[in-house]
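Novice: For reference, the structure I am asking about is given below.
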Amino acid sequence: MSDIAGEYIDRLVTVEMRNRGMNHGIISQIYNEARREGGGRPITARAAEALVEHVGEGDVVLIVTGAGYAPEVPNGESDGPPGAASIARALYWGLKAVPVYVSEVCHAPPVVASSDAAGVMIRDYGLAKSRRMGGAMVTAPEEQSEIDAWADDILDRMAPKAIIAIERLGPNESGIVHYSTGVAPGNCVNLSPLFDKAAERGILSIGIGDNGNEIGFGRIHSFMQDFHPYGRETQTDKPGGAVTVTPTDIFLPASVSNWGAYGVAAMLGVLLRDRDLVQTPQLEERIVKACLDAGGWEMRYCTSRFIVDGTEGESSMAIVQLLRDLVRLNIAAPDRGLSHGKMKSV
């Protein structure tokens, strides 16, 4: 059943809706390559199964997000924090895990607002860990030279069982972080050492992204170098392309990164037989608007319009409704109603 559900969850979260001025006509090819490289099974099914296998009650899961910087979007964008809140909510209620968000200082307000709106309140780490009262948050140092020691400390102290990247920008082959359009933002910190060190420790990692520059795409870096318009060079004079080299154990490309997170939450709902692990459309609206109000703006024109990655907020509401109904029908007892006769025994 998981592969049947996963097949159609994957299809839903990879429905491409993009303005032709941006990279478009690309999601199906990227998804197909990621699925092939990962062994051929539906990717949301693999991700959810891995989380169920590795994460138990009271275990910490790090959720890393944050994209977009000053001066355009000083607190980041509306793609990322809502997805992080959605997967945190599913992990908290479904697996009784302790979600711990990781971001840069500038991205923290939209992440906190999204999580609070989702009903996963941000608490002191000790309280969240010892009594499972909501989630927690840590912010990275603002100096790159401090990241290695900070990453070791986080992994030592929290001993996470999994780490998930959702719309978190990663470095190219020269260690430079880029937007998908080949522009290199200033004032950003490269958090990929956290994933490198997690890999060294055998910690499960999952990456969700939508355009090549997000952590996880390193699994298909060589493919993206030739496929992405800024795969080998950018709008800067620095060497390398916009595609990140940072991989994760499981990588899910989606049309919108938030939608990929919703897909993993839905697959957890199938496996744990609980459709409420996916937020309702009304809750989705509340989460996205909380993110926007906290400064996580839509990226195209850098405004607080009810938009995520160019798609209207109502489209995200529709996606979660479809996912919820897909979960409901997959976990329901077999029932063909009164008008179709008896079912054949299998």
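Simple scheme: letters A, B, ... for chains in structure tokens order, numbers from 1 for residues in each chain, numbers from 1 for ligands in the order shown.
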Give me, as JSON lines, each residue of segment 150-238 of chain A that comes within 10 Å of segment 88-112 of chain A, together with its shortest interatomic pair and the distance in Å at one decimal, counting only C-alpha atoms, with rows ordered by chain and rising residue number.
Specialist:
{"residue": "A:Ile154", "atom": "CA", "partner": "A:Val102", "partner_atom": "CA", "distance": 9.8}
{"residue": "A:Met158", "atom": "CA", "partner": "A:Val100", "partner_atom": "CA", "distance": 9.2}
{"residue": "A:Pro160", "atom": "CA", "partner": "A:Val100", "partner_atom": "CA", "distance": 9.1}
{"residue": "A:Lys161", "atom": "CA", "partner": "A:Ala97", "partner_atom": "CA", "distance": 9.6}
{"residue": "A:Ala162", "atom": "CA", "partner": "A:Pro99", "partner_atom": "CA", "distance": 9.9}
{"residue": "A:Ile163", "atom": "CA", "partner": "A:Val100", "partner_atom": "CA", "distance": 9.4}
{"residue": "A:Ile164", "atom": "CA", "partner": "A:Tyr101", "partner_atom": "CA", "distance": 9.5}
{"residue": "A:Ala165", "atom": "CA", "partner": "A:Val102", "partner_atom": "CA", "distance": 9.3}
{"residue": "A:Arg168", "atom": "CA", "partner": "A:Ser103", "partner_atom": "CA", "distance": 8.7}
{"residue": "A:Asn187", "atom": "CA", "partner": "A:Cys106", "partner_atom": "CA", "distance": 9.8}
{"residue": "A:Cys188", "atom": "CA", "partner": "A:Glu104", "partner_atom": "CA", "distance": 8.1}
{"residue": "A:Val189", "atom": "CA", "partner": "A:Glu104", "partner_atom": "CA", "distance": 7.4}
{"residue": "A:Asn190", "atom": "CA", "partner": "A:Glu104", "partner_atom": "CA", "distance": 9.6}
{"residue": "A:Leu191", "atom": "CA", "partner": "A:Ser103", "partner_atom": "CA", "distance": 8.6}
Novice: Enumerate, in order of chain and increasing residue number, the residues of segment 210-260 of chain A with an atom no farther than 12 Å from segment 309-333 of chain A, each with its shortest atom pair and distance in Å to one decimal, counting only C-alpha atoms, as JSON lines.
Specialist:
{"residue": "A:Asp210", "atom": "CA", "partner": "A:Asp309", "partner_atom": "CA", "distance": 9.8}
{"residue": "A:Asn211", "atom": "CA", "partner": "A:Asp309", "partner_atom": "CA", "distance": 10.9}
{"residue": "A:Ala254", "atom": "CA", "partner": "A:Asp309", "partner_atom": "CA", "distance": 11.6}
{"residue": "A:Ser255", "atom": "CA", "partner": "A:Asp309", "partner_atom": "CA", "distance": 9.0}
{"residue": "A:Val256", "atom": "CA", "partner": "A:Asp309", "partner_atom": "CA", "distance": 6.7}
{"residue": "A:Ser257", "atom": "CA", "partner": "A:Asp309", "partner_atom": "CA", "distance": 8.9}
{"residue": "A:Asn258", "atom": "CA", "partner": "A:Ser316", "partner_atom": "CA", "distance": 8.5}
{"residue": "A:Trp259", "atom": "CA", "partner": "A:Ser316", "partner_atom": "CA", "distance": 7.4}
{"residue": "A:Gly260", "atom": "CA", "partner": "A:Ile319", "partner_atom": "CA", "distance": 10.5}
Novice: Emit the selected residues as a tab-separated table (two decimals), in the first residue's frame, including C-alpha atoms.
Specialist:
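File produced: result_22.tsv:
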chain	number	residue	atom	x	y	z
A	210	ASP	CA	12.74	22.69	-5.76
A	211	ASN	CA	15.39	24.31	-7.96
A	254	ALA	CA	9.08	19.10	-5.39
A	255	SER	CA	7.36	21.85	-7.32
A	256	VAL	CA	7.38	23.94	-4.12
A	257	SER	CA	9.56	22.82	-1.22
A	258	ASN	CA	6.70	23.25	1.24
A	259	TRP	CA	4.66	20.82	-0.82
A	260	GLY	CA	7.41	18.21	-0.58
Novice: Can you list, as a ChimeraX atom specification, all residues belonging to segment 43-247 of chain A that DSSP tags as alpha helix (DSSP H)?
Specialist: /A:43-54,81-94,108-118,125-131,147-158,192-200,221-227
Novice: So that I can see what lies close to Asp196 of chain A, please list as a list in words the residues with an atom at most 12 Å from it, counting only C-alpha atoms and leaving out residues fewer than 5 positions away in the same chain.
Specialist: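 Everything that qualifies: Ile147, Asp148, Ala151, Asp152, Leu155, Ile163, Gly170, Pro171, Asn190, Leu191, Arg201, Gly202, Ile203, Leu204, Ser205, Ile215, Gly216, Gly218, Val245, Thr246, Pro247, Thr248 and Asp249 of chain A.
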Novice: For the selection you just gave me, I'd like the residues written to a file as a short mmCIF file (atom, residue, chain, number, x, y, z; two decimals), in the first residue's frame, keeping N, CA and C atoms.
Specialist:
data_model
loop_
_atom_site.label_atom_id
_atom_site.label_comp_id
_atom_site.auth_asym_id
_atom_site.auth_seq_id
_atom_site.Cartn_x
_atom_site.Cartn_y
_atom_site.Cartn_z
N ILE A 147 31.00 27.82 12.55
CA ILE A 147 29.97 26.82 12.21
C ILE A 147 30.42 25.40 12.54
N ASP A 148 31.65 25.03 12.25
CA ASP A 148 32.09 23.66 12.50
C ASP A 148 31.94 23.27 13.97
N ALA A 151 28.25 23.04 14.95
CA ALA A 151 27.60 21.84 14.43
C ALA A 151 27.95 20.62 15.28
N ASP A 152 29.22 20.49 15.65
CA ASP A 152 29.61 19.38 16.53
C ASP A 152 28.87 19.45 17.86
N LEU A 155 25.15 18.33 17.48
CA LEU A 155 25.01 16.89 17.29
C LEU A 155 25.39 16.13 18.56
N ILE A 163 17.91 14.34 10.45
CA ILE A 163 18.03 15.75 10.12
C ILE A 163 17.39 15.97 8.76
N GLY A 170 22.31 25.38 -0.08
CA GLY A 170 23.59 24.72 0.15
C GLY A 170 24.66 25.24 -0.79
N PRO A 171 25.92 24.95 -0.51
CA PRO A 171 27.03 25.50 -1.29
C PRO A 171 27.28 24.75 -2.59
N ASN A 190 26.83 29.27 5.50
CA ASN A 190 26.73 27.94 4.92
C ASN A 190 26.58 26.92 6.05
N LEU A 191 25.42 26.28 6.13
CA LEU A 191 25.15 25.31 7.19
C LEU A 191 25.41 23.87 6.76
N ARG A 201 28.34 10.57 11.23
CA ARG A 201 27.82 9.89 12.42
C ARG A 201 26.71 8.89 12.10
N GLY A 202 26.37 8.76 10.82
CA GLY A 202 25.34 7.81 10.43
C GLY A 202 23.93 8.25 10.75
N ILE A 203 23.71 9.56 10.87
CA ILE A 203 22.38 10.11 11.16
C ILE A 203 21.59 10.21 9.86
N LEU A 204 20.37 9.72 9.86
CA LEU A 204 19.50 9.79 8.68
C LEU A 204 19.32 11.24 8.26
N SER A 205 19.46 11.51 6.95
CA SER A 205 19.23 12.86 6.44
C SER A 205 18.27 12.81 5.26
N ILE A 215 19.93 22.07 -0.19
CA ILE A 215 20.59 20.89 0.35
C ILE A 215 19.78 19.64 0.00
N GLY A 216 20.48 18.63 -0.50
CA GLY A 216 19.86 17.41 -0.99
C GLY A 216 20.18 17.19 -2.45
N GLY A 218 22.72 17.63 -3.97
CA GLY A 218 24.04 17.06 -4.21
C GLY A 218 23.99 15.61 -4.66
N VAL A 245 26.39 20.98 -3.89
CA VAL A 245 27.05 19.67 -3.89
C VAL A 245 26.68 18.88 -2.63
N THR A 246 25.88 19.45 -1.73
CA THR A 246 25.57 18.78 -0.47
C THR A 246 24.45 17.77 -0.66
N PRO A 247 24.70 16.49 -0.42
CA PRO A 247 23.68 15.45 -0.58
C PRO A 247 22.98 15.16 0.75
N THR A 248 21.92 14.40 0.66
CA THR A 248 21.27 13.80 1.84
C THR A 248 21.00 12.34 1.51
N ASP A 249 20.72 11.54 2.52
CA ASP A 249 20.46 10.11 2.28
C ASP A 249 19.28 9.91 1.34
#
